[in-house]
>>> print(open('input28.cif').read())   # mmCIF, C-alpha atoms
data_model
loop_
_atom_site.label_atom_id
_atom_site.label_comp_id
_atom_site.auth_asym_id
_atom_site.auth_seq_id
_atom_site.Cartn_x
_atom_site.Cartn_y
_atom_site.Cartn_z
CA MET A 1073 -33.85 7.96 -22.78
CA ALA A 1074 -36.00 5.80 -20.55
CA VAL A 1075 -39.37 4.27 -21.30
CA GLU A 1076 -41.56 2.54 -18.73
CA VAL A 1077 -42.98 -0.78 -19.91
CA ARG A 1078 -45.97 -2.41 -18.22
CA ILE A 1079 -45.89 -6.21 -18.40
CA PRO A 1080 -49.02 -8.39 -18.19
CA THR A 1081 -49.15 -11.22 -15.62
CA ILE A 1082 -48.76 -13.86 -18.29
CA LEU A 1083 -45.33 -12.48 -19.28
CA ARG A 1084 -44.01 -11.68 -15.80
CA PRO A 1085 -42.07 -14.96 -15.55
CA TYR A 1086 -39.66 -13.26 -18.00
CA THR A 1087 -39.27 -10.15 -15.83
CA GLY A 1088 -38.72 -11.92 -12.51
CA GLY A 1089 -42.30 -11.10 -11.59
CA ALA A 1090 -41.93 -7.34 -12.15
CA LYS A 1091 -45.09 -5.48 -13.26
CA THR A 1092 -43.10 -2.70 -14.86
CA VAL A 1093 -39.60 -2.59 -16.28
CA GLU A 1094 -37.54 0.19 -17.81
CA GLY A 1095 -36.01 0.12 -21.23
CA THR A 1096 -34.48 2.31 -23.88
CA GLY A 1097 -34.80 2.65 -27.64
CA ASP A 1098 -36.05 5.19 -30.13
CA THR A 1099 -38.41 2.69 -31.78
CA LEU A 1100 -40.52 -0.14 -30.45
CA THR A 1101 -38.22 -2.69 -32.11
CA ALA A 1102 -35.18 -1.11 -30.44
CA LEU A 1103 -36.97 -1.11 -27.09
CA ILE A 1104 -37.88 -4.80 -27.38
CA ASP A 1105 -34.27 -5.65 -28.32
CA ASP A 1106 -33.10 -3.73 -25.25
CA LEU A 1107 -35.59 -5.57 -23.01
CA GLU A 1108 -34.47 -8.92 -24.45
CA SER A 1109 -30.90 -8.22 -23.29
CA ARG A 1110 -32.05 -8.22 -19.64
CA HIS A 1111 -35.19 -10.40 -19.91
CA PRO A 1112 -34.27 -13.23 -22.28
CA GLY A 1113 -37.23 -14.92 -23.94
CA LEU A 1114 -39.51 -11.88 -23.82
CA ARG A 1115 -38.89 -10.87 -27.42
CA ASP A 1116 -40.15 -14.19 -28.80
CA ARG A 1117 -43.41 -13.76 -26.93
CA LEU A 1118 -43.95 -10.32 -28.49
CA VAL A 1119 -42.68 -10.57 -32.06
CA GLU A 1120 -42.49 -13.22 -34.73
CA ASN A 1121 -40.34 -12.74 -37.85
CA GLY A 1122 -39.92 -9.09 -36.93
CA THR A 1123 -43.61 -8.26 -36.60
CA LEU A 1124 -45.85 -8.06 -33.55
CA ARG A 1125 -47.62 -11.29 -32.75
CA ARG A 1126 -51.32 -11.36 -33.55
CA PHE A 1127 -52.52 -11.88 -30.00
CA VAL A 1128 -50.32 -9.24 -28.41
CA ASN A 1129 -51.38 -5.61 -28.22
CA VAL A 1130 -48.84 -2.88 -27.53
CA TYR A 1131 -49.81 0.66 -26.60
CA VAL A 1132 -47.64 3.77 -26.48
CA ASN A 1133 -49.20 6.29 -24.10
CA ASP A 1134 -52.36 4.13 -24.28
CA GLU A 1135 -52.51 4.36 -28.10
CA ASP A 1136 -52.51 1.09 -30.09
CA VAL A 1137 -49.25 0.92 -32.08
CA ARG A 1138 -51.02 -0.84 -34.96
CA PHE A 1139 -52.54 2.57 -35.76
CA LEU A 1140 -49.18 4.31 -35.31
CA GLY A 1141 -46.10 2.76 -36.87
CA ALA A 1142 -46.44 -0.81 -35.54
CA GLU A 1143 -42.94 -2.14 -34.71
CA LYS A 1144 -41.40 1.05 -36.11
CA THR A 1145 -43.41 3.34 -33.82
CA ALA A 1146 -41.13 6.11 -32.55
CA LEU A 1147 -40.58 6.44 -28.81
CA SER A 1148 -39.58 9.47 -26.75
CA ASP A 1149 -38.16 9.86 -23.29
CA GLY A 1150 -40.87 9.45 -20.68
CA ASP A 1151 -43.26 7.49 -22.88
CA SER A 1152 -45.26 4.73 -21.28
CA VAL A 1153 -45.56 1.40 -23.09
CA THR A 1154 -48.24 -1.15 -22.15
CA VAL A 1155 -48.21 -4.76 -23.32
CA LEU A 1156 -51.52 -6.64 -23.17
CA PRO A 1157 -52.76 -10.01 -24.35
CA ALA A 1158 -55.37 -9.29 -27.03
CA VAL A 1159 -58.66 -10.06 -25.36
CA ALA A 1160 -60.21 -6.73 -24.38
CA GLY A 1161 -63.06 -6.04 -26.75
CA GLY A 1162 -61.60 -8.49 -29.20
CA ALA A 1163 -58.73 -6.41 -30.50
CA SER A 1164 -56.43 -7.72 -33.19
CA THR A 1165 -58.25 -10.33 -35.12
CA ARG A 1166 -56.55 -8.84 -38.10
CA MET B 475 -88.45 23.11 -26.96
CA ARG B 476 -91.76 21.25 -27.45
CA TYR B 477 -92.25 17.62 -28.54
CA ASP B 478 -95.33 15.41 -28.98
CA SER B 479 -93.88 12.70 -26.71
CA LEU B 480 -90.74 11.67 -24.87
CA LEU B 481 -89.62 9.47 -27.78
CA ASP B 482 -89.90 12.46 -30.12
CA SER B 483 -87.44 14.41 -27.96
CA LEU B 484 -84.56 12.06 -28.86
CA GLY B 485 -81.28 13.58 -30.04
CA ARG B 486 -80.31 17.18 -30.89
CA THR B 487 -78.11 17.14 -27.81
CA PRO B 488 -75.90 20.10 -26.85
CA LEU B 489 -72.25 20.32 -27.94
CA VAL B 490 -70.38 22.26 -25.27
CA GLY B 491 -66.85 23.63 -25.32
CA LEU B 492 -64.35 22.80 -22.59
CA PRO B 493 -62.53 26.12 -22.05
CA LYS B 494 -60.49 24.91 -19.05
CA LEU B 495 -59.42 21.49 -20.34
CA SER B 496 -58.68 22.65 -23.91
CA PRO B 497 -54.92 23.22 -24.13
CA SER B 498 -55.01 26.33 -26.35
CA PRO B 499 -57.31 28.44 -28.58
CA GLU B 500 -56.03 26.37 -31.54
CA VAL B 501 -56.58 22.99 -29.92
CA ARG B 502 -60.11 22.77 -28.56
CA LEU B 503 -62.19 20.04 -26.94
CA TRP B 504 -65.96 19.74 -27.33
CA ALA B 505 -68.30 17.46 -25.39
CA LYS B 506 -71.52 16.13 -26.91
CA LEU B 507 -73.88 15.64 -24.00
CA GLU B 508 -75.65 12.40 -24.84
CA ASP B 509 -76.89 12.10 -21.27
CA ARG B 510 -79.53 14.64 -22.39
CA ASN B 511 -81.53 11.90 -24.10
CA PRO B 512 -84.86 10.39 -22.93
CA THR B 513 -83.36 7.70 -20.64
CA GLY B 514 -80.09 9.51 -20.06
CA SER B 515 -77.68 7.88 -22.48
CA VAL B 516 -76.43 7.80 -26.06
CA LYS B 517 -78.08 4.36 -26.41
CA ASP B 518 -81.53 5.88 -26.85
CA ARG B 519 -80.54 6.64 -30.44
CA PRO B 520 -79.72 3.08 -31.59
CA ALA B 521 -82.43 1.51 -29.40
CA LEU B 522 -85.24 3.49 -30.99
CA ARG B 523 -83.77 3.19 -34.47
CA MET B 524 -83.50 -0.63 -34.18
CA ILE B 525 -87.05 -0.98 -32.79
CA GLU B 526 -88.57 1.17 -35.52
CA ALA B 527 -86.72 -0.73 -38.25
CA ALA B 528 -87.96 -4.06 -36.82
CA GLU B 529 -91.52 -2.70 -36.69
CA ALA B 530 -91.28 -1.46 -40.27
CA ASP B 531 -90.08 -4.80 -41.64
CA GLY B 532 -92.69 -6.78 -39.66
CA ARG B 533 -90.26 -8.63 -37.36
CA LEU B 534 -91.66 -6.86 -34.31
CA THR B 535 -95.42 -7.19 -33.80
CA PRO B 536 -97.68 -6.14 -30.89
CA GLY B 537 -97.04 -8.18 -27.72
CA ALA B 538 -93.66 -9.47 -28.90
CA THR B 539 -90.76 -10.24 -26.54
CA LEU B 540 -87.50 -8.36 -27.04
CA LEU B 541 -84.22 -9.98 -25.97
CA GLU B 542 -80.91 -8.12 -25.73
CA PRO B 543 -77.42 -8.68 -24.26
CA THR B 544 -76.57 -5.39 -22.59
CA SER B 545 -74.43 -4.05 -19.78
CA GLY B 546 -77.11 -1.47 -19.06
CA ASN B 547 -77.75 1.57 -21.20
CA THR B 548 -79.11 -0.16 -24.30
CA GLY B 549 -81.31 -2.32 -22.11
CA ILE B 550 -82.65 0.73 -20.27
CA ALA B 551 -83.35 2.53 -23.56
CA LEU B 552 -85.05 -0.53 -25.07
CA ALA B 553 -87.04 -1.15 -21.88
CA MET B 554 -88.43 2.38 -21.90
CA ALA B 555 -89.40 2.18 -25.58
CA ALA B 556 -90.79 -1.36 -25.09
CA LYS B 557 -92.96 -0.18 -22.20
CA LEU B 558 -94.41 2.68 -24.25
CA LYS B 559 -94.94 0.46 -27.28
CA GLY B 560 -96.27 -2.62 -25.47
CA TYR B 561 -93.46 -5.17 -25.81
CA ARG B 562 -92.00 -7.49 -23.18
CA MET B 563 -88.27 -6.93 -22.57
CA VAL B 564 -85.67 -9.50 -21.44
CA CYS B 565 -82.07 -8.35 -20.81
CA VAL B 566 -79.01 -10.55 -20.44
CA MET B 567 -76.59 -8.61 -18.27
CA PRO B 568 -73.22 -9.45 -16.65
CA GLU B 569 -73.71 -9.96 -12.90
CA ASN B 570 -70.90 -7.50 -12.09
CA THR B 571 -72.67 -4.39 -13.39
CA SER B 572 -73.92 -1.69 -11.04
CA GLU B 573 -77.04 -2.04 -8.90
CA GLU B 574 -78.51 1.21 -10.23
CA ARG B 575 -78.65 -0.27 -13.71
CA ARG B 576 -80.53 -3.32 -12.47
CA GLN B 577 -83.05 -1.16 -10.59
CA LEU B 578 -83.64 1.09 -13.59
CA LEU B 579 -84.21 -1.90 -15.85
CA ARG B 580 -86.70 -3.45 -13.44
CA MET B 581 -88.46 -0.09 -13.03
CA TRP B 582 -89.06 0.13 -16.76
CA GLY B 583 -90.40 -3.42 -16.64
CA ALA B 584 -87.48 -5.43 -18.02
CA GLU B 585 -86.67 -8.95 -16.83
CA ILE B 586 -82.97 -9.51 -16.16
CA ILE B 587 -81.12 -12.75 -16.83
CA PRO B 588 -77.63 -12.55 -15.26
CA SER B 589 -74.58 -13.83 -17.14
CA PRO B 590 -71.30 -14.83 -15.41
CA ALA B 591 -69.06 -11.92 -14.39
CA ALA B 592 -65.97 -13.47 -15.92
CA GLY B 593 -65.98 -12.61 -19.60
CA GLY B 594 -68.05 -9.45 -19.20
CA SER B 595 -70.20 -8.35 -22.12
CA ASN B 596 -68.85 -11.13 -24.34
CA GLU B 597 -70.34 -13.71 -22.04
CA ALA B 598 -73.70 -11.87 -22.05
CA VAL B 599 -73.68 -12.04 -25.84
CA ARG B 600 -73.05 -15.78 -25.74
CA VAL B 601 -75.89 -16.40 -23.24
CA ALA B 602 -78.29 -14.19 -25.24
CA LYS B 603 -77.51 -16.05 -28.46
CA GLU B 604 -78.34 -19.34 -26.72
CA LEU B 605 -81.63 -17.94 -25.42
CA ALA B 606 -82.51 -16.67 -28.88
CA ARG B 607 -82.00 -20.15 -30.32
CA ALA B 608 -84.15 -21.68 -27.56
CA ASN B 609 -86.94 -19.09 -28.03
CA PRO B 610 -87.31 -18.57 -31.77
CA ASP B 611 -90.35 -16.28 -31.33
CA TRP B 612 -88.33 -13.75 -29.28
CA VAL B 613 -86.85 -10.84 -31.21
CA MET B 614 -83.18 -10.13 -30.55
CA LEU B 615 -82.34 -6.75 -32.09
CA TYR B 616 -78.68 -7.53 -31.29
CA GLN B 617 -76.96 -4.15 -31.04
CA TYR B 618 -73.52 -5.64 -31.86
CA GLY B 619 -74.58 -6.65 -35.36
CA ASN B 620 -77.69 -4.59 -36.17
CA PRO B 621 -76.94 -2.06 -38.92
CA GLY B 622 -79.61 0.18 -37.34
CA ASN B 623 -77.23 0.81 -34.44
CA ALA B 624 -74.57 2.42 -36.65
CA LEU B 625 -77.21 3.98 -38.91
CA ALA B 626 -78.76 5.85 -35.97
CA HIS B 627 -75.45 7.66 -35.58
CA TYR B 628 -74.91 8.03 -39.33
CA GLU B 629 -78.33 9.67 -39.64
CA THR B 630 -78.43 11.79 -36.46
CA THR B 631 -75.29 12.08 -34.29
CA GLY B 632 -72.95 12.63 -37.24
CA PRO B 633 -75.03 15.36 -38.94
CA GLU B 634 -75.58 17.12 -35.60
CA LEU B 635 -71.84 17.21 -34.97
CA LEU B 636 -71.02 18.55 -38.42
CA GLU B 637 -73.73 21.21 -38.17
CA ASP B 638 -72.52 22.41 -34.77
CA LEU B 639 -68.78 22.07 -35.50
CA PRO B 640 -68.03 22.29 -39.25
CA GLU B 641 -64.32 22.68 -38.40
CA ILE B 642 -64.19 19.32 -36.58
CA THR B 643 -60.84 17.50 -37.02
CA HIS B 644 -61.25 14.57 -34.59
CA PHE B 645 -64.13 12.51 -33.26
CA VAL B 646 -63.60 10.38 -30.14
CA ALA B 647 -66.00 7.84 -28.65
CA GLY B 648 -66.02 4.67 -26.60
CA LEU B 649 -65.59 1.32 -28.33
CA GLY B 650 -68.27 -1.14 -27.25
CA THR B 651 -70.71 -2.22 -29.91
CA THR B 652 -68.67 0.11 -32.18
CA GLY B 653 -71.97 1.58 -33.50
CA THR B 654 -71.22 5.19 -32.53
CA LEU B 655 -67.75 5.17 -34.08
CA MET B 656 -68.83 3.35 -37.24
CA GLY B 657 -71.91 5.53 -37.87
CA VAL B 658 -70.47 8.94 -36.99
CA GLY B 659 -67.12 7.97 -38.52
CA ARG B 660 -68.58 7.04 -41.90
CA TYR B 661 -70.79 10.14 -42.03
CA LEU B 662 -68.02 12.57 -41.13
CA ARG B 663 -65.49 10.96 -43.48
CA GLU B 664 -67.87 11.36 -46.42
CA LYS B 665 -68.05 15.08 -45.72
CA LEU B 666 -64.52 15.64 -44.39
CA PRO B 667 -62.11 13.05 -45.85
CA ASP B 668 -59.30 14.01 -43.45
CA VAL B 669 -61.30 13.69 -40.22
CA GLN B 670 -59.68 11.45 -37.59
CA ILE B 671 -61.86 8.81 -35.91
CA VAL B 672 -60.53 7.75 -32.53
CA ALA B 673 -61.71 4.83 -30.40
CA ALA B 674 -61.31 4.65 -26.62
CA GLU B 675 -61.56 1.11 -25.33
CA PRO B 676 -61.95 0.33 -21.62
CA ARG B 677 -59.13 -1.77 -20.19
CA TYR B 678 -60.20 -4.04 -17.37
CA GLY B 679 -58.16 -5.79 -14.73
CA GLU B 680 -57.45 -9.48 -14.73
CA LEU B 681 -60.40 -10.23 -12.42
CA VAL B 682 -62.61 -9.60 -15.44
CA TYR B 683 -60.41 -11.19 -18.09
CA GLY B 684 -58.46 -13.66 -16.00
CA LEU B 685 -60.50 -16.74 -16.79
CA ARG B 686 -60.53 -16.24 -20.51
CA ASN B 687 -58.35 -17.65 -23.24
CA LEU B 688 -56.22 -15.39 -25.36
CA ASP B 689 -57.87 -16.26 -28.62
CA GLU B 690 -61.55 -15.96 -27.80
CA GLY B 691 -61.80 -12.19 -28.24
CA PHE B 692 -65.21 -11.18 -29.51
CA VAL B 693 -65.41 -8.66 -32.34
CA PRO B 694 -68.81 -7.03 -32.91
CA GLU B 695 -70.14 -7.72 -36.40
CA LEU B 696 -70.52 -3.96 -36.90
CA TYR B 697 -66.79 -3.34 -36.42
CA ASP B 698 -64.88 -2.16 -39.49
CA GLU B 699 -61.36 -1.26 -38.52
CA SER B 700 -60.84 0.86 -41.65
CA VAL B 701 -63.18 3.52 -40.22
CA LEU B 702 -60.78 4.15 -37.32
CA THR B 703 -57.57 6.15 -37.44
CA SER B 704 -56.53 5.49 -33.86
CA ARG B 705 -57.43 3.27 -30.94
CA PHE B 706 -56.70 3.93 -27.27
CA SER B 707 -56.88 1.47 -24.40
CA VAL B 708 -57.67 3.22 -21.11
CA GLY B 709 -57.43 1.66 -17.65
CA PRO B 710 -59.65 2.47 -14.67
CA HIS B 711 -57.13 4.79 -13.00
CA ASP B 712 -57.01 7.19 -15.95
CA ALA B 713 -60.77 6.83 -16.56
CA VAL B 714 -61.61 7.82 -12.98
CA GLN B 715 -59.02 10.62 -12.96
CA ARG B 716 -60.44 12.16 -16.14
CA THR B 717 -64.06 11.71 -15.03
CA ARG B 718 -63.19 13.77 -11.97
CA GLU B 719 -61.30 16.40 -13.96
CA LEU B 720 -64.32 16.84 -16.22
CA LEU B 721 -66.44 17.62 -13.17
CA GLU B 722 -63.76 19.67 -11.39
CA HIS B 723 -62.83 21.93 -14.31
CA GLU B 724 -65.90 21.98 -16.52
CA GLY B 725 -68.75 21.05 -14.17
CA ILE B 726 -69.81 18.01 -16.22
CA PHE B 727 -70.93 14.99 -14.15
CA ALA B 728 -70.35 12.06 -16.48
CA GLY B 729 -70.15 8.27 -16.27
CA ILE B 730 -66.79 6.55 -15.96
CA SER B 731 -66.58 5.47 -19.61
CA THR B 732 -66.63 9.17 -20.53
CA GLY B 733 -63.46 9.59 -18.48
CA ALA B 734 -61.79 7.00 -20.70
CA VAL B 735 -62.98 8.86 -23.80
CA LEU B 736 -61.71 12.18 -22.43
CA HIS B 737 -58.34 10.55 -21.71
CA ALA B 738 -58.01 9.61 -25.38
CA ALA B 739 -59.20 13.08 -26.46
CA LEU B 740 -56.55 14.70 -24.27
CA GLY B 741 -53.89 12.36 -25.72
CA ILE B 742 -54.90 13.53 -29.22
CA ALA B 743 -54.89 17.16 -28.04
CA ARG B 744 -51.38 16.83 -26.62
CA LYS B 745 -50.08 15.44 -29.90
CA ALA B 746 -51.73 18.27 -31.83
CA VAL B 747 -50.06 20.84 -29.57
CA GLN B 748 -46.68 19.09 -29.91
CA GLY B 749 -47.07 18.97 -33.69
CA GLY B 750 -48.18 22.62 -33.91
CA ARG B 751 -51.48 21.67 -35.59
CA ARG B 752 -54.93 23.13 -34.96
CA ALA B 753 -57.56 20.66 -33.76
CA ASP B 754 -61.24 20.68 -32.91
CA ILE B 755 -61.82 17.44 -31.04
CA ALA B 756 -65.40 16.39 -30.35
CA PHE B 757 -66.12 13.50 -28.00
CA ILE B 758 -69.18 11.69 -26.70
CA VAL B 759 -70.40 11.96 -23.12
CA ALA B 760 -72.27 8.64 -23.22
CA ASP B 761 -74.14 9.10 -19.94
CA GLY B 762 -74.16 10.89 -16.59
CA GLY B 763 -72.54 9.60 -13.43
CA TRP B 764 -75.76 8.79 -11.59
CA LYS B 765 -75.82 5.09 -12.37
CA TYR B 766 -72.26 4.59 -11.12
CA LEU B 767 -72.35 6.29 -7.70
CA SER B 768 -72.53 2.94 -5.90
CA THR B 769 -69.33 1.77 -7.61
CA GLY B 770 -67.37 4.14 -5.34
CA ALA B 771 -65.68 5.84 -8.30
CA TYR B 772 -66.61 9.33 -7.17
CA GLU B 773 -65.35 9.21 -3.57
CA GLY B 774 -61.95 9.10 -1.88
CA THR B 775 -58.65 9.09 -3.75
CA VAL B 776 -58.32 7.91 -7.33
CA ASP B 777 -56.33 4.89 -6.10
CA GLU B 778 -59.14 3.93 -3.71
CA ALA B 779 -61.69 4.32 -6.50
CA GLU B 780 -59.55 2.17 -8.79
CA ASP B 781 -59.42 -0.58 -6.15
CA ARG B 782 -63.19 -0.47 -5.72
CA LEU B 783 -63.70 -0.71 -9.48
CA ASP B 784 -61.55 -3.81 -9.78
CA GLY B 785 -63.73 -6.61 -11.08
CA GLN B 786 -66.60 -4.30 -12.05
CA LEU B 787 -67.67 -3.49 -15.59
CA TRP B 788 -67.42 0.31 -15.54
CA ALA B 789 -67.99 0.96 -19.23
#
>>> encode(input="input28.cif", output="C-alpha cells")
Amino acid sequence: MAVEVRIPTILRPYTGGAKTVEGTGDTLTALIDDLESRHPGLRDRLVENGTLRRFVNVYVNDEDVRFLGAEKTALSDGDSVTVLPAVAGGASTR
Amino acid sequence: MRYDSLLDSLGRTPLVGLPKLSPSPEVRLWAKLEDRNPTGSVKDRPALRMIEAAEADGRLTPGATLLEPTSGNTGIALAMAAKLKGYRMVCVMPENTSEERRQLLRMWGAEIIPSPAAGGSNEAVRVAKELARANPDWVMLYQYGNPGNALAHYETTGPELLEDLPEITHFVAGLGTTGTLMGVGRYLREKLPDVQIVAAEPRYGELVYGLRNLDEGFVPELYDESVLTSRFSVGPHDAVQRTRELLEHEGIFAGISTGAVLHAALGIARKAVQGGRRADIAFIVADGGWKYLSTGAYEGTVDEAEDRLDGQLWA
C-alpha cells in the first residue's frame, strides 16, 4: 500500500531534492521508518524519542495528526501525507 | 424584514443546504451565508460586538481613534461602524492583500498602514502592537485577544445554528483569530456535548512564510485548543478547486477561504460515509468572492489560479 508524502523545502536535502516521495506503512510510525530506509536522517528531523517533534506538523489527507492518533495514526492506501514546519497560524505550541 | 438601521440588520443569516455536494441523505452539508451581513462578511459580528463593549466600559469615547491589525474583513466592518458612530479608523494590513480590500477600507474612511508581506497577518499584529504603544490614546480592540470576538459568536452565530439545525453533528470554520470556532464551539458543546468542532487553516506557500523562523509562530490569545476536535491545513489548490465547485454545483459565489473550509467539510463528510455514520455538517461562508476577483482565482485553470495566488494572502 502506497502513501504519497509531501516534503517541505527545509527537509528536501534528505530526499535528494524531491518534493514528494512514496512510502508504505499502516501507521505514521511505520511510514516514517520506511522513509528512513531510503532517506537516512529524515526520521530524526520528524520524531524525537518516538514522538513527533514540536515544530513539525504532519497532516493525513490535510488533517492534523495531533487530533487523530499522532504517531499511531492509521494510514490507508492512497492517503496523502503532508509534512510542514510549524509556522502557519502558529500551530503546535503545545 | 425591517430594521431601524443597517447595524441593526446584523446576523440572522440564512443556512442553506448543499443538495449536490452532500454525499448522501444521511451525510449532509449546510452553508451559513455570512456574506449576508452589513459589510458582506462574518466579521461584522465581532466588530460590532467589540465596539459596543468598549463603548459600554468607557474605553471608547466620541472622536476616538480605533487601531486594528487586519487582513481586510474586520477592518472593513470596523470602518463602517466607526464611520456611523464618529470614530477615526486606522488599519494595519499586510501589503500583499487584495486591492479591493484597500479600496473598500478607504471608501469607508479608514487609513491604511501597510505591514511587510513576509510574515502575513502575524507581522501586521506586531506592527499594530508597536503603534498602540506609541499612541496610548488610540483604542486597539485587538480581535485576536478580545473576548468580545468569540462572545459575538457564542451569543449569535452559535444559537442561530442550533435553532436552524438542531441535529448538527459538525461545525467547520476557518482558523484565523479563532473567534468563530471558539465562540460557536463553546456554545454548541454546552448544548450538544458530542458535537465536533473542526478548524480549516489556510496553508500558504513559502513566499509568504519563507523569511520566517520556525519557532516564531503566533497563537491568538483567544485560541483554546481543547475546543477543537480536528484541524485541517488546506493549500491554495484545494481552496480554489472547492471555491469553484461551490459555485458550479450550488451556485454560491464565495471567497477563497470558504473553499478551504468546504475542503475540510468534505473531508469530514467522506469519513462519515466511510464509517457509516450520519452527519449534519454546518460550515461558515465567511464572505463572497467579490473582493478577490483581482487575485485571478476565478479565471483559467485551477493550476493557473494557484500560481497567481502564490505570495498573496487569500484567507
>>> resolve_selection(input="input28.cif", expression="the PyMOL selection byres ((chain A and resi 1143) around 7)", output="JSON, numbers by chain")
{"A": [1100, 1101, 1123, 1124, 1141, 1142, 1144, 1145]}
>>> residues_around(input="input28.cif", residues="Leu625 (chain B)", least_positions_apart="3", cutoff="12 Å", atoms="all atoms listed in the file", output="JSON, numbers by chain")
{"B": [519, 520, 521, 522, 523, 524, 527, 617, 619, 620, 621, 622, 628, 629, 630, 631, 632, 633, 652, 653, 654, 655, 656, 657, 658, 659, 660, 661, 696]}
>>> resolve_selection(input="input28.cif", expression="the PyMOL selection byres ((chain B and resi 668) around 12)", output="list in words")
Glu641, Ile642, Thr643, His644, Phe645, Gly659, Arg660, Leu662, Arg663, Glu664, Lys665, Leu666, Pro667, Val669, Gln670, Ile671, Val701, Leu702, Thr703 and Ala753 of chain B
>>> resolve_selection(input="input28.cif", expression="the PyMOL selection byres ((chain A and resi 1074-1090) around 7)", output="list of chain:residue names")
A:Met1073, A:Lys1091, A:Thr1092, A:Val1093, A:Glu1094, A:Gly1095, A:Thr1096, A:His1111, A:Pro1112, A:Gly1113, A:Leu1114, A:Asp1149, A:Gly1150, A:Asp1151, A:Ser1152, A:Val1153, A:Thr1154, A:Val1155, A:Leu1156
>>> atom_distance(input="input28.cif", atom1="CA of Phe692 (chain B)", atom2="CA of Cys565 (chain B)")
19.2 Å
>>> atom_distance(input="input28.cif", atom1="CA of Ala746 (chain B)", atom2="CA of Arg718 (chain B)")
23.4 Å
>>> atom_distance(input="input28.cif", atom1="CA of Ala739 (chain B)", atom2="CA of Tyr618 (chain B)")
24.2 Å
>>> closest_residue(input="input28.cif", among="B:Ser704, B:Trp788, B:Leu736, B:Tyr772", to="chain A", atoms="all atoms listed in the file")
B:Ser704
>>> residues_around(input="input28.cif", residues="Gly762 (chain B)", least_positions_apart="3", cutoff="8 Å", atoms="all atoms listed in the file", output="list in words")
Asp509, Gly514, Ser515, Phe727, Ala728, Gly729, Val759 and Lys765 of chain B
>>> write_last_selection(input="input28.cif", atoms="C-alpha atoms", output="PDB file, keeping the file's coordinate frame")
ATOM      1  CA  ASP B 509     -76.890  12.100 -21.270  1.00  0.00           C
ATOM      2  CA  GLY B 514     -80.090   9.510 -20.060  1.00  0.00           C
ATOM      3  CA  SER B 515     -77.680   7.880 -22.480  1.00  0.00           C
ATOM      4  CA  PHE B 727     -70.930  14.990 -14.150  1.00  0.00           C
ATOM      5  CA  ALA B 728     -70.350  12.060 -16.480  1.00  0.00           C
ATOM      6  CA  GLY B 729     -70.150   8.270 -16.270  1.00  0.00           C
ATOM      7  CA  VAL B 759     -70.400  11.960 -23.120  1.00  0.00           C
ATOM      8  CA  LYS B 765     -75.820   5.090 -12.370  1.00  0.00           C
TER       9      LYS B 765
END
>>> closest_residue(input="input28.cif", among="B:Leu635, B:Glu699, B:Val613, B:Tyr678", to="Gly532 (chain B)", atoms="only C-alpha atoms")
B:Val613
>>> closest_residue(input="input28.cif", among="B:Lys745, B:Arg716, B:Arg677, B:Arg782", to="chain A", atoms="only C-alpha atoms")
B:Arg677
>>> closest_residue(input="input28.cif", among="B:Phe757, B:Trp764, B:Tyr616, B:Phe706", to="chain A", atoms="only C-alpha atoms")
B:Phe706
>>> axis_aligned_box(input="input28.cif", around="region 608-617 of chain B", padding_each_side="8 Å", output="JSON")
{"center_x": -83.7, "center_y": -12.9, "center_z": -29.8, "size_x": 29.4, "size_y": 33.5, "size_z": 20.5}
>>> closest_residue(input="input28.cif", among="B:His737, B:Arg607, B:Arg580, B:Arg705", to="chain A", atoms="all atoms listed in the file")
B:Arg705
>>> residues_around(input="input28.cif", residues="Ser498 (chain B)", least_positions_apart="4", cutoff="12 Å", atoms="all atoms listed in the file", output="MDAnalysis selection string")
chainID B and resid 492:494 502:503 740 743:744 746:748 750:754
>>> write_last_selection(input="input28.cif", atoms="C-alpha atoms", output="short mmCIF file (atom, residue, chain, number, x, y, z; two decimals), in the frame of the given file")
data_model
loop_
_atom_site.label_atom_id
_atom_site.label_comp_id
_atom_site.auth_asym_id
_atom_site.auth_seq_id
_atom_site.Cartn_x
_atom_site.Cartn_y
_atom_site.Cartn_z
CA LEU B 492 -64.35 22.80 -22.59
CA PRO B 493 -62.53 26.12 -22.05
CA LYS B 494 -60.49 24.91 -19.05
CA ARG B 502 -60.11 22.77 -28.56
CA LEU B 503 -62.19 20.04 -26.94
CA LEU B 740 -56.55 14.70 -24.27
CA ALA B 743 -54.89 17.16 -28.04
CA ARG B 744 -51.38 16.83 -26.62
CA ALA B 746 -51.73 18.27 -31.83
CA VAL B 747 -50.06 20.84 -29.57
CA GLN B 748 -46.68 19.09 -29.91
CA GLY B 750 -48.18 22.62 -33.91
CA ARG B 751 -51.48 21.67 -35.59
CA ARG B 752 -54.93 23.13 -34.96
CA ALA B 753 -57.56 20.66 -33.76
CA ASP B 754 -61.24 20.68 -32.91
#
>>> build_atoms(input="input28.cif", residues="region 1135-1141 of chain A", atoms="N, CA and C atoms", output="PDB file, in the frame of the given file")
ATOM      1  N   GLU A1135     -52.060   4.398 -26.708  1.00  0.00           N
ATOM      2  CA  GLU A1135     -52.510   4.360 -28.100  1.00  0.00           C
ATOM      3  C   GLU A1135     -51.958   3.101 -28.784  1.00  0.00           C
ATOM      4  N   ASP A1136     -52.843   2.352 -29.433  1.00  0.00           N
ATOM      5  CA  ASP A1136     -52.510   1.090 -30.090  1.00  0.00           C
ATOM      6  C   ASP A1136     -51.475   1.326 -31.195  1.00  0.00           C
ATOM      7  N   VAL A1137     -50.315   0.655 -31.102  1.00  0.00           N
ATOM      8  CA  VAL A1137     -49.250   0.920 -32.080  1.00  0.00           C
ATOM      9  C   VAL A1137     -49.623   0.460 -33.490  1.00  0.00           C
ATOM     10  N   ARG A1138     -50.637  -0.402 -33.608  1.00  0.00           N
ATOM     11  CA  ARG A1138     -51.020  -0.840 -34.960  1.00  0.00           C
ATOM     12  C   ARG A1138     -51.595   0.330 -35.765  1.00  0.00           C
ATOM     13  N   PHE A1139     -52.049   1.371 -35.070  1.00  0.00           N
ATOM     14  CA  PHE A1139     -52.540   2.570 -35.760  1.00  0.00           C
ATOM     15  C   PHE A1139     -51.455   3.649 -35.827  1.00  0.00           C
ATOM     16  N   LEU A1140     -50.303   3.361 -35.248  1.00  0.00           N
ATOM     17  CA  LEU A1140     -49.180   4.310 -35.310  1.00  0.00           C
ATOM     18  C   LEU A1140     -48.205   3.763 -36.338  1.00  0.00           C
ATOM     19  N   GLY A1141     -47.049   3.314 -35.908  1.00  0.00           N
ATOM     20  CA  GLY A1141     -46.100   2.760 -36.870  1.00  0.00           C
ATOM     21  C   GLY A1141     -45.778   1.304 -36.623  1.00  0.00           C
TER      22      GLY A1141
END
